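Data from my_file_30.cif: mmCIF, C-alpha atoms
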```cif
data_final
loop_
_atom_site.label_atom_id
_atom_site.label_comp_id
_atom_site.auth_asym_id
_atom_site.auth_seq_id
_atom_site.Cartn_x
_atom_site.Cartn_y
_atom_site.Cartn_z
CA MET A 1 48.97 -22.37 12.78
CA SER A 2 47.51 -20.52 9.84
CA ASP A 3 44.81 -17.91 10.37
CA TYR A 4 41.29 -19.17 9.75
CA VAL A 5 39.49 -17.32 6.94
CA LEU A 6 35.71 -17.20 7.12
CA PRO A 7 34.19 -18.58 3.89
CA THR A 8 32.81 -15.87 1.65
CA GLU A 9 29.30 -17.32 1.57
CA ILE A 10 29.20 -17.29 5.39
CA TRP A 11 30.09 -13.65 5.91
CA ILE A 12 27.80 -12.63 3.09
CA GLU A 13 24.73 -14.70 3.97
CA GLU A 14 25.09 -14.81 7.75
CA ILE A 15 26.63 -11.42 8.53
CA LEU A 16 26.13 -8.82 5.82
CA THR A 17 22.54 -9.74 5.05
CA ARG A 18 21.65 -9.17 8.72
CA LEU A 19 22.87 -5.57 8.72
CA PRO A 20 20.42 -2.67 8.50
CA VAL A 21 20.25 -0.68 5.29
CA LYS A 22 21.98 2.42 6.68
CA THR A 23 24.97 0.34 7.75
CA LEU A 24 25.14 -1.33 4.35
CA LEU A 25 25.09 2.06 2.63
CA ARG A 26 28.16 3.04 4.64
CA CYS A 27 29.79 -0.26 3.74
CA THR A 28 29.51 0.56 0.04
CA SER A 29 32.17 3.25 0.63
CA VAL A 30 34.73 0.80 2.02
CA CYS A 31 36.00 -0.39 -1.35
CA LYS A 32 34.87 -1.11 -4.91
CA SER A 33 34.40 -4.82 -4.28
CA TRP A 34 32.05 -4.16 -1.35
CA TYR A 35 30.11 -1.65 -3.42
CA SER A 36 29.75 -4.17 -6.25
CA LEU A 37 28.64 -6.87 -3.81
CA ILE A 38 26.03 -4.83 -1.91
CA THR A 39 24.52 -3.30 -5.04
CA SER A 40 24.33 -6.61 -6.90
CA PRO A 41 20.83 -7.99 -7.63
CA ASN A 42 21.66 -11.26 -5.87
CA PHE A 43 22.67 -9.54 -2.62
CA ILE A 44 19.65 -7.21 -2.75
CA THR A 45 17.41 -10.28 -2.96
CA LEU A 46 19.27 -12.11 -0.17
CA HIS A 47 19.00 -9.09 2.12
CA LEU A 48 15.32 -8.62 1.26
CA ASN A 49 14.51 -12.25 2.04
CA ARG A 50 16.38 -12.05 5.34
CA THR A 51 14.56 -8.86 6.32
CA ALA A 52 11.19 -10.37 5.42
CA SER A 53 11.88 -13.47 7.52
CA ASN A 54 12.68 -11.36 10.57
CA ASN A 55 9.13 -9.95 10.65
CA ASP A 56 9.93 -7.03 12.94
CA ASN A 57 6.31 -5.80 12.91
CA ARG A 58 6.81 -2.33 11.47
CA LEU A 59 4.13 -0.07 10.08
CA LEU A 60 4.50 2.82 7.65
CA ILE A 61 2.17 5.70 8.51
CA ARG A 62 1.54 8.79 6.42
CA SER A 63 -0.36 11.77 7.81
CA CYS A 64 -0.76 15.30 6.47
CA ASN A 65 -0.82 18.68 8.18
CA ASN A 66 -1.11 21.96 6.26
CA ARG A 67 -0.28 20.17 2.97
CA ILE A 68 2.91 18.76 4.49
CA GLU A 69 3.17 14.98 4.20
CA ASN A 70 4.68 13.26 7.24
CA TYR A 71 5.99 9.70 6.96
CA SER A 72 7.10 7.67 9.96
CA VAL A 73 7.79 4.04 10.79
CA TYR A 74 6.21 2.64 13.96
CA THR A 75 6.76 -0.64 15.77
CA ASP A 76 3.49 -2.51 16.16
CA ASN A 77 3.93 -3.22 19.87
CA GLU A 78 1.86 -2.38 22.94
CA THR A 79 3.28 1.14 23.19
CA PHE A 80 3.20 1.77 19.42
CA ASP A 81 6.69 3.30 19.40
CA GLU A 82 7.84 5.59 16.60
CA CYS A 83 11.18 4.15 15.51
CA GLU A 84 12.01 6.45 12.60
CA LYS A 85 10.87 9.66 10.95
CA LEU A 86 11.32 9.43 7.20
CA HIS A 87 12.50 12.31 5.06
CA PHE A 88 9.99 12.85 2.27
CA PRO A 89 11.80 14.58 -0.59
CA LEU A 90 8.77 15.39 -2.73
CA HIS A 91 6.04 18.02 -2.72
CA SER A 92 2.71 17.62 -4.46
CA ARG A 93 1.62 20.52 -6.62
CA ILE A 94 -2.06 19.93 -5.96
CA ASN A 95 -2.68 18.69 -2.41
CA ARG A 96 -1.01 15.43 -1.52
CA PHE A 97 0.10 12.28 -3.25
CA ASN A 98 -2.16 9.29 -3.54
CA ILE A 99 -0.30 6.26 -2.20
CA VAL A 100 -1.02 3.43 -4.60
CA GLY A 101 0.71 0.85 -2.40
CA ASN A 102 4.04 -0.32 -1.08
CA CYS A 103 5.97 -3.51 -1.66
CA ASN A 104 9.36 -4.70 -0.42
CA GLY A 105 10.31 -1.23 0.81
CA LEU A 106 9.18 0.58 -2.35
CA VAL A 107 6.31 3.08 -2.13
CA CYS A 108 4.32 3.88 -5.27
CA LEU A 109 2.93 7.42 -5.40
CA SER A 110 0.51 8.98 -7.86
CA GLU A 111 -0.28 12.69 -8.10
CA ASP A 112 -3.88 12.24 -9.18
CA VAL A 113 -5.91 13.25 -6.14
CA GLN A 114 -7.57 16.27 -7.75
CA GLN A 115 -6.66 16.62 -11.42
CA TYR A 116 -4.93 15.10 -14.45
CA THR A 117 -1.16 15.21 -13.91
CA ASP A 118 -0.05 11.73 -15.06
CA ILE A 119 2.79 11.81 -12.49
CA MET A 120 3.83 8.57 -10.76
CA ILE A 121 6.87 7.90 -8.59
CA LEU A 122 8.56 4.91 -6.97
CA TRP A 123 10.28 5.89 -3.71
CA ASN A 124 12.52 3.89 -1.39
CA PRO A 125 12.64 5.79 1.94
CA SER A 126 15.41 3.55 3.36
CA ILE A 127 18.00 4.63 0.82
CA ARG A 128 16.44 8.01 -0.01
CA LYS A 129 16.10 7.30 -3.70
CA PHE A 130 13.15 7.77 -6.00
CA VAL A 131 12.43 7.41 -9.68
CA HIS A 132 9.89 9.34 -11.74
CA LEU A 133 7.96 7.06 -14.06
CA PRO A 134 7.71 8.23 -17.67
CA TYR A 135 4.36 9.61 -18.74
CA PRO A 136 1.87 6.86 -19.67
CA ASN A 137 1.01 6.29 -23.29
CA PHE A 138 -2.60 7.32 -22.67
CA GLY A 139 -3.12 10.61 -20.87
CA TYR A 140 -5.21 13.76 -20.87
CA ASN A 141 -3.03 15.56 -23.42
CA THR A 142 -3.21 12.70 -25.89
CA HIS A 143 -6.66 11.20 -25.34
CA GLY A 144 -8.69 13.68 -23.31
CA ALA A 145 -10.65 13.03 -20.12
CA TYR A 146 -10.29 9.68 -18.40
CA LEU A 147 -10.72 7.81 -15.15
CA GLN A 148 -7.88 5.63 -13.99
CA SER A 149 -7.12 2.87 -11.53
CA VAL A 150 -3.55 2.01 -10.61
CA GLY A 151 -1.97 -1.02 -8.96
CA PHE A 152 1.58 -1.71 -7.79
CA GLY A 153 3.30 -4.95 -6.95
CA PHE A 154 6.08 -7.46 -7.50
CA ASN A 155 6.18 -10.11 -10.21
CA PRO A 156 7.93 -13.17 -8.69
CA VAL A 157 8.36 -14.78 -12.13
CA THR A 158 10.28 -11.90 -13.72
CA ASN A 159 11.70 -10.66 -10.39
CA ASP A 160 10.51 -7.19 -11.35
CA TYR A 161 8.38 -4.42 -9.89
CA ASN A 162 5.33 -3.46 -11.93
CA VAL A 163 2.75 -0.69 -12.02
CA VAL A 164 -0.49 -1.54 -13.83
CA ARG A 165 -2.76 1.25 -15.01
CA ILE A 166 -6.32 0.89 -16.29
CA ALA A 167 -7.50 4.05 -18.05
CA TYR A 168 -11.19 4.45 -18.86
CA LEU A 169 -11.15 6.88 -21.82
CA LYS A 170 -14.31 8.95 -21.90
CA LYS A 171 -13.97 10.26 -25.45
CA VAL A 172 -13.89 6.83 -27.11
CA GLU A 173 -15.68 4.95 -24.30
CA THR A 174 -13.10 2.22 -24.01
CA GLU A 175 -10.52 0.88 -21.56
CA VAL A 176 -6.79 0.53 -22.07
CA VAL A 177 -4.30 -1.31 -19.88
CA GLU A 178 -0.66 -0.33 -19.49
CA LEU A 179 2.15 -1.96 -17.52
CA TYR A 180 5.28 -0.24 -16.24
CA GLU A 181 8.32 -2.45 -15.65
CA LEU A 182 11.07 -1.13 -13.38
CA SER A 183 13.67 -3.28 -15.19
CA THR A 184 13.02 -1.54 -18.51
CA GLY A 185 11.90 1.84 -17.16
CA SER A 186 9.06 2.04 -19.66
CA TRP A 187 5.34 1.46 -20.19
CA ARG A 188 3.91 -1.07 -22.59
CA ASN A 189 0.39 -1.88 -23.61
CA VAL A 190 -1.10 -5.05 -22.18
CA CYS A 191 -3.42 -7.19 -24.25
CA ALA A 192 -5.56 -8.04 -21.26
CA SER A 193 -9.32 -7.88 -21.57
CA VAL A 194 -11.02 -5.87 -18.85
CA ASP A 195 -14.55 -6.98 -17.96
CA ILE A 196 -16.30 -3.81 -19.13
CA SER A 197 -19.35 -4.63 -17.03
CA TYR A 198 -17.29 -3.62 -13.97
CA VAL A 199 -15.26 -0.51 -13.25
CA ILE A 200 -12.59 -0.23 -10.56
CA LYS A 201 -13.28 2.67 -8.25
CA SER A 202 -10.95 5.60 -8.91
CA ARG A 203 -8.10 5.65 -6.34
CA SER A 204 -9.47 2.46 -4.81
CA THR A 205 -7.24 0.98 -2.13
CA GLN A 206 -5.29 -2.04 -3.28
CA VAL A 207 -3.86 -5.14 -1.71
CA VAL A 208 -1.37 -7.59 -3.22
CA LEU A 209 -1.31 -11.31 -2.48
CA ASN A 210 1.02 -13.75 -4.26
CA GLY A 211 1.70 -11.44 -7.19
CA VAL A 212 -1.97 -10.52 -7.66
CA VAL A 213 -3.31 -7.02 -7.00
CA HIS A 214 -6.91 -6.56 -5.85
CA TRP A 215 -9.30 -3.59 -5.86
CA VAL A 216 -12.97 -2.98 -5.14
CA GLY A 217 -15.00 -2.70 -8.34
CA LEU A 218 -18.56 -1.70 -9.11
CA ALA A 219 -20.98 -3.09 -11.67
CA ARG A 220 -21.91 -0.53 -14.32
CA LYS A 221 -25.48 -1.84 -14.49
CA ASP A 222 -26.63 -1.74 -10.88
CA GLY A 223 -23.60 -0.63 -8.82
CA HIS A 224 -23.18 -3.85 -6.84
CA ALA A 225 -19.66 -4.47 -5.55
CA VAL A 226 -17.08 -7.05 -6.62
CA ILE A 227 -13.35 -7.54 -6.19
CA VAL A 228 -11.37 -7.07 -9.39
CA SER A 229 -7.87 -8.57 -9.59
CA PHE A 230 -4.88 -8.38 -11.91
CA ASP A 231 -2.26 -11.13 -11.96
CA PHE A 232 1.21 -9.67 -12.65
CA LYS A 233 2.47 -13.14 -13.63
CA SER A 234 -0.09 -13.98 -16.31
CA GLU A 235 -1.19 -10.37 -17.01
CA THR A 236 -4.85 -11.33 -16.73
CA PHE A 237 -7.83 -9.88 -14.88
CA GLY A 238 -10.25 -11.72 -12.63
CA VAL A 239 -13.46 -10.97 -10.73
CA MET A 240 -14.59 -12.32 -7.36
CA ARG A 241 -17.86 -11.80 -5.56
CA VAL A 242 -17.84 -10.07 -2.19
CA PRO A 243 -19.90 -11.40 0.75
CA HIS A 244 -23.59 -11.27 -0.14
CA ARG A 245 -24.37 -8.88 2.72
CA ALA A 246 -21.73 -6.42 1.41
CA GLU A 247 -22.74 -6.67 -2.22
CA ALA A 248 -25.45 -4.08 -2.72
CA GLU A 249 -25.82 -2.09 0.51
CA LEU A 250 -26.45 1.65 0.29
CA ASN A 251 -24.49 4.21 2.32
CA MET A 252 -21.48 1.93 2.51
CA ARG A 253 -17.75 2.18 1.85
CA LEU A 254 -15.70 -0.86 0.88
CA CYS A 255 -11.95 -1.44 0.84
CA VAL A 256 -9.68 -4.47 0.56
CA THR A 257 -6.90 -5.35 2.97
CA VAL A 258 -5.00 -8.37 4.29
CA PHE A 259 -5.70 -10.31 7.47
CA GLY A 260 -2.70 -12.54 8.16
CA GLU A 261 -2.13 -14.15 4.77
CA SER A 262 -5.78 -13.94 3.72
CA LEU A 263 -7.73 -11.55 1.53
CA SER A 264 -9.93 -9.34 3.67
CA LEU A 265 -12.73 -6.85 3.01
CA ILE A 266 -13.82 -3.95 5.19
CA ASP A 267 -17.30 -2.54 4.74
CA GLU A 268 -18.29 0.61 6.61
CA ARG A 269 -21.99 1.37 6.81
CA ILE A 270 -24.33 4.13 7.89
CA TYR A 271 -27.80 2.99 8.92
CA MET A 272 -30.24 5.45 10.43
CA ASN A 273 -28.18 7.20 13.15
CA GLU A 274 -25.72 4.35 13.59
CA THR A 275 -22.41 3.64 11.92
CA TYR A 276 -20.55 0.35 12.03
CA CYS A 277 -18.16 -1.73 10.00
CA ASN A 278 -17.73 -5.40 9.26
CA ILE A 279 -14.38 -7.05 8.61
CA TRP A 280 -14.65 -10.09 6.34
CA VAL A 281 -11.95 -12.68 5.66
CA MET A 282 -11.79 -15.09 2.72
CA LYS A 283 -10.65 -18.27 4.47
CA GLU A 284 -9.66 -20.01 1.22
CA TYR A 285 -8.41 -17.74 -1.54
CA GLY A 286 -10.61 -17.72 -4.63
CA MET A 287 -13.42 -19.62 -2.93
CA GLU A 288 -16.25 -17.10 -2.65
CA ASN A 289 -18.26 -19.30 -0.29
CA THR A 290 -15.51 -19.05 2.37
CA TRP A 291 -16.10 -15.37 3.21
CA THR A 292 -16.45 -15.16 7.00
CA ARG A 293 -17.27 -12.13 9.09
CA GLN A 294 -14.34 -11.81 11.47
CA LEU A 295 -15.54 -8.79 13.42
CA LYS A 296 -18.25 -6.13 13.67
CA ILE A 297 -17.32 -2.73 15.14
CA ASP A 298 -19.77 -0.07 16.25
CA THR A 299 -18.20 3.16 14.95
CA THR A 300 -21.01 5.47 16.08
CA PRO A 301 -19.46 8.66 17.57
CA VAL A 302 -17.58 7.94 20.78
CA PRO A 303 -18.12 10.78 23.29
CA HIS A 304 -14.83 10.47 25.15
CA LEU A 305 -12.83 10.71 21.91
CA ARG A 306 -14.32 13.95 20.62
CA ARG A 307 -17.46 15.97 21.11
CA SER A 308 -18.18 16.07 17.42
CA PHE A 309 -20.59 13.72 15.69
CA ASP A 310 -18.02 12.48 13.19
CA CYS A 311 -17.89 8.73 12.84
CA LEU A 312 -14.83 6.52 12.89
CA ARG A 313 -13.47 4.62 9.92
CA VAL A 314 -11.24 1.57 9.70
CA LEU A 315 -7.85 2.18 8.14
CA TYR A 316 -5.61 -0.81 8.41
CA GLY A 317 -7.36 -3.81 9.83
CA PHE A 318 -5.93 -5.98 12.56
CA ARG A 319 -2.76 -5.27 14.53
CA ASN A 320 -0.56 -8.01 15.92
CA ASN A 321 -2.34 -7.85 19.28
CA GLY A 322 -5.76 -8.16 17.65
CA ASP A 323 -6.63 -4.45 17.91
CA VAL A 324 -7.98 -2.55 14.92
CA LEU A 325 -6.63 0.80 13.72
CA LEU A 326 -9.22 3.47 12.95
CA ALA A 327 -9.34 7.23 12.44
CA GLU A 328 -11.98 9.84 12.99
CA ASN A 329 -13.70 10.74 9.75
CA SER A 330 -13.37 14.51 10.05
CA ASP A 331 -11.26 17.48 8.96
CA SER A 332 -8.76 16.76 11.73
CA GLU A 333 -8.26 13.07 12.46
CA ASP A 334 -6.91 11.19 15.45
CA LEU A 335 -5.47 7.72 14.95
CA VAL A 336 -7.29 5.33 17.27
CA SER A 337 -6.69 1.73 18.33
CA TYR A 338 -9.77 -0.38 19.09
CA ASP A 339 -9.67 -3.46 21.34
CA PRO A 340 -12.41 -5.89 20.18
CA LYS A 341 -12.35 -7.79 23.48
CA SER A 342 -12.86 -4.84 25.82
CA ARG A 343 -14.49 -2.66 23.14
CA ASN A 344 -12.31 0.20 24.28
CA PHE A 345 -10.88 2.94 22.03
CA LYS A 346 -7.45 4.43 22.64
CA LYS A 347 -5.89 7.47 20.99
CA LEU A 348 -2.33 6.88 19.79
CA GLY A 349 -1.21 10.51 19.75
CA ILE A 350 -0.96 10.71 15.94
CA ARG A 351 -2.96 13.36 14.12
CA GLY A 352 -3.55 14.31 10.50
CA CYS A 353 -5.91 16.31 8.35
CA GLY A 354 -9.04 14.75 6.87
CA MET A 355 -8.69 11.45 5.01
CA SER A 356 -4.89 11.76 4.76
CA PHE A 357 -3.82 8.71 6.75
CA TYR A 358 -2.17 5.78 5.02
CA ILE A 359 -1.10 2.73 7.01
CA SER A 360 0.57 -0.44 5.85
CA THR A 361 3.21 -2.98 6.81
CA TYR A 362 6.73 -1.89 5.99
CA MET A 363 10.26 -3.21 5.76
CA GLU A 364 13.45 -1.54 4.61
CA SER A 365 15.25 -2.74 1.50
CA LEU A 366 18.01 -1.93 -0.99
CA VAL A 367 15.71 -1.93 -4.01
CA LEU A 368 16.61 0.97 -6.36
CA ILE A 369 20.16 1.25 -5.01
CA ASN A 370 21.68 0.26 -8.36
CA GLY A 371 19.07 1.81 -10.62
CA LYS A 372 18.91 5.11 -12.40
CA SER A 373 17.11 7.46 -10.07
CA ASP A 374 17.14 10.81 -8.43
CA ALA A 375 19.23 10.52 -5.29
CA LEU A 376 19.52 12.61 -2.16
CA GLU A 377 22.49 12.77 0.16
CA MET A 378 22.24 10.69 3.30
#
```
Using the file provided, produce a representation of the structure as structure tokens.
Amino acid sequence: MSDYVLPTEIWIEEILTRLPVKTLLRCTSVCKSWYSLITSPNFITLHLNRTASNNDNRLLIRSCNNRIENYSVYTDNETFDECEKLHFPLHSRINRFNIVGNCNGLVCLSEDVQQYTDIMILWNPSIRKFVHLPYPNFGYNTHGAYLQSVGFGFNPVTNDYNVVRIAYLKKVETEVVELYELSTGSWRNVCASVDISYVIKSRSTQVVLNGVVHWVGLARKDGHAVIVSFDFKSETFGVMRVPHRAEAELNMRLCVTVFGESLSLIDERIYMNETYCNIWVMKEYGMENTWTRQLKIDTTPVPHLRRSFDCLRVLYGFRNNGDVLLAENSDSEDLVSYDPKSRNFKKLGIRGCGMSFYISTYMESLVLINGKSDALEM
């Protein structure tokens, strides 16, 4: 009887694609053929799709202490277990990096929290590789003072990762749009018209749905809020109205997020001596009349959390168990989980300095493994 040989497509699709990234990195040292296989674009995509389908409920959390950025991956379960501490190989020259967003295991960082530096980086924590983006075509040294908004996402048509940058040039009072493509490693100008009656808030949080990035924007005329979007596929901008009750309120902060597979908006308000936030969900994407208030949270200071009078702020939105993640809005923050049913708050034992938390879903990937990048030893 001859030995049975497992078909190549079986051991690739059913075995190798199920392995964690660290194991696959070790496998690349077995032989040249394995290295070529694992670093091939087709295998990277197969592994990414497999990982995404597993939905292992992981969250990436960044906190800062004494200008040190700490990145960890947590499992979104009842005990909120820390499953991995990530090595962050970079150090900001000014304070900390602004996290533009993350997609398919890639984190986009921008060093623009306090001053003009024009530095942006794509970082894959799973394989400890990062790439510095070239300087944009429009920057402080070439065009003077500007305000910028940045978005990061994946273009499913070109199978490429893109960074879009909208620069509002003060000297010439105009807007320019640039697009970075990971496949080419360069910026190019985009002939997309920006609705100049709206401006995207500087360092506004972003959310990506179906290849479209979304930010909160403000009307130049009266300051009322809208959602501005950029479609990576068609390279066009769009504008959507927010819920009427969140459109023109004073003393309010707005940010976009995702609830399930739906676009969501969080508005945090201060009224008299009370603070609270509403979480809105757009039930049918693009249909402005389908905004529905999913939840209202009283974020007035909670005595048993701290004795200070700092209010709480929503960070992430809903967890898998229906809880909401919040943090104290103070110089030293505690990460807090809020149960809407019992209305109880619970500290999670994670601390960071003021306004430094970043929380988002996360999955490991092999993206960047075969690209030109700065690499660190495992």
Report task. I need the residue set behind the PyMOL selection byres ((chain A and resi 21) around 7) for this file; please write it as a PyMOL selection string. Result -> chain A and resi 19-20+22-25+126+364-366
Take the PyMOL selection byres ((chain A and resi 353) around 12), run it mentally on this structure, and tell me the resulting residues as a compact mmCIF listing (two decimals) with C-alpha atoms, in the frame of the given file.
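The file below, result_13.txt, is the result:
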```txt
# COMPACT_ATOMS: atom_id res chain seq x y z
CA ARG A 62 1.54 8.79 6.42
CA SER A 63 -0.36 11.77 7.81
CA CYS A 64 -0.76 15.30 6.47
CA ASN A 65 -0.82 18.68 8.18
CA ASN A 66 -1.11 21.96 6.26
CA ARG A 67 -0.28 20.17 2.97
CA ILE A 68 2.91 18.76 4.49
CA GLU A 69 3.17 14.98 4.20
CA ASN A 70 4.68 13.26 7.24
CA ASN A 95 -2.68 18.69 -2.41
CA ARG A 96 -1.01 15.43 -1.52
CA ALA A 327 -9.34 7.23 12.44
CA GLU A 328 -11.98 9.84 12.99
CA ASN A 329 -13.70 10.74 9.75
CA SER A 330 -13.37 14.51 10.05
CA ASP A 331 -11.26 17.48 8.96
CA SER A 332 -8.76 16.76 11.73
CA GLU A 333 -8.26 13.07 12.46
CA ASP A 334 -6.91 11.19 15.45
CA LEU A 335 -5.47 7.72 14.95
CA ILE A 350 -0.96 10.71 15.94
CA ARG A 351 -2.96 13.36 14.12
CA GLY A 352 -3.55 14.31 10.50
CA GLY A 354 -9.04 14.75 6.87
CA MET A 355 -8.69 11.45 5.01
CA SER A 356 -4.89 11.76 4.76
CA PHE A 357 -3.82 8.71 6.75
CA TYR A 358 -2.17 5.78 5.02
```
Query raised in the report: Quick one: distance from atom CA of His224 of chain A to atom CA of His244 of chain A in Å, one decimal?
Result: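 Separation of atom CA of His224 of chain A and atom CA of His244 of chain A: 10.0 Å.
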Requested in this report: Using atom CA of Lys283 of chain A and atom CA of Val208 of chain A as the two end points, give the distance in Å to one decimal.
Outcome: 16.1 Å
Query raised in the report: Suppose you want the space between atom CA of Val324 of chain A and atom CA of Asp339 of chain A; what is it in Å?
Result: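 Between these atoms lies a distance of 6.7 Å.
The residues that lie within 7 Å of the point (-8.0, 8.8, -11.6), counting all atoms listed in the file, are Asp112, Leu147, Gln148, Ser149, Ser202 and Arg203 of chain A.
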Query raised in the report: Which of these residues is nearest to Arg245 of chain A, using all atoms listed in the file: A:Glu175, A:Asp231, A:Glu261, A:Glu268?
Result: A:Glu268
Query - the PyMOL selection byres ((chain A and resi 41-52) around 6) resolved against shown file, as a PyMOL selection string - result: chain A and resi 17+38+40+53-55+365-366
